[in-house]
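Taking it in order: structure first as structure tokens, then the write-up.
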Amino acid sequence: MVDVVAAVVEKEGKFLVAQRPVEKGGEWEFPGGKVEKGETFFEALVREIKEELNVPVKPIRILSSYPKDIRGQTYSIHFVAATLGSEDFVLSEHQSCLWVDLNEIKQLPMSSVDKEFVKQLRSSEK
């Protein structure tokens, strides 16, 4: 099983999402990536956000985790509430970033795991 972390950053009712490059599907996602051997989920999130957005991030707590099978490999995606130390993004893995509310986010083409998490967010808002 491969562990993956995703940053769930909320500011004034909006969530940070990032768009993968077109050659990687162009879908929107919560930024993050694979946990490397010996890393905690929080350490991996700090490293991945630094690599992808070039900003510091402070992980707060794991909100939810989902298993996902992709091309014969099982992943466990861990959504982590976090705050950013800066919004001066320098994108290296994504083509764009947006702040969107829960109504706007449902309009974006998102990865299936991220869609599942958005459903959970929406149901907790009710």
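Please note that chains go A, B, ... in the order of the structure tokens, that every chain numbers its residues from 1, and that ligands are numbered from 1 in the order shown.
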For segment 53-68 of chain A, work out the shell of residues within 7 Å, counting only C-alpha atoms and skipping chain neighbours fewer than 6 positions away, then give it as a list in words.
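In the requested form, the answer reads Phe42, Val46, Thr74, Tyr75, Ser76, Ile77, His78, Phe79, Val80, Ala81, Ala82, Thr83, Leu84, Gly85, Ser86, Glu87, Asp88, Phe89, Val90, Leu91 and Ser92 of chain A.
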Nearest residue to Val113 of chain A from the set A:Lys37, A:His94, A:Ile70, A:Lys11 (distances using only C-alpha atoms):
A:Ile70
Kindly indicate which residue among A:Glu10, A:Glu93, A:Trp28, A:Leu16 lies nearest to Glu51 of chain A, using only C-alpha atoms for the distances.
A:Glu93
If you run DSSP on this backbone, which residues of segment 27-119 of chain A come out as strand (DSSP E), and could you give them as a PyMOL selection string?
chain A and resi 28-29+32-34+57-70+73-84+96-100
Need to verify the contact set: Gly38 of chain A, 12 Å, only C-alpha atoms, exclusion of same-chain residues closer than 5 positions in sequence. Can you return it as a PDB file with C-alpha atoms, in the first residue's frame?
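Writing done, so here's part.pdb:
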```pdb
ATOM      1  CA  ASP A   3       0.292   6.331   1.508  1.00  0.00           C
ATOM      2  CA  GLU A  43       6.439  15.418   7.473  1.00  0.00           C
ATOM      3  CA  ALA A  44       5.401  14.250   4.011  1.00  0.00           C
TER       4      ALA A  44
END
```
Could you please determine the separation between atom CA of Glu116 of chain A and atom CA of Cys97 of chain A in Å, to one decimal place?
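These two atoms are separated by 19.9 Å.
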Interatomic distance, atom CA of Gly72 of chain A to atom CA of Val22 of chain A (Å, one decimal):
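Atom CA of Gly72 of chain A sits 23.0 Å away from atom CA of Val22 of chain A.
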Provide the atom CA of Ala7 of chain A to atom CA of Leu98 of chain A distance in Å, to one decimal place.
13.6 Å
What's the 12 Å shell around Met110 of chain A, counting only C-alpha atoms, without same-chain residues fewer than 2 positions away, as a ChimeraX atom specification?
/A:17-20,25-31,104-108,112-119
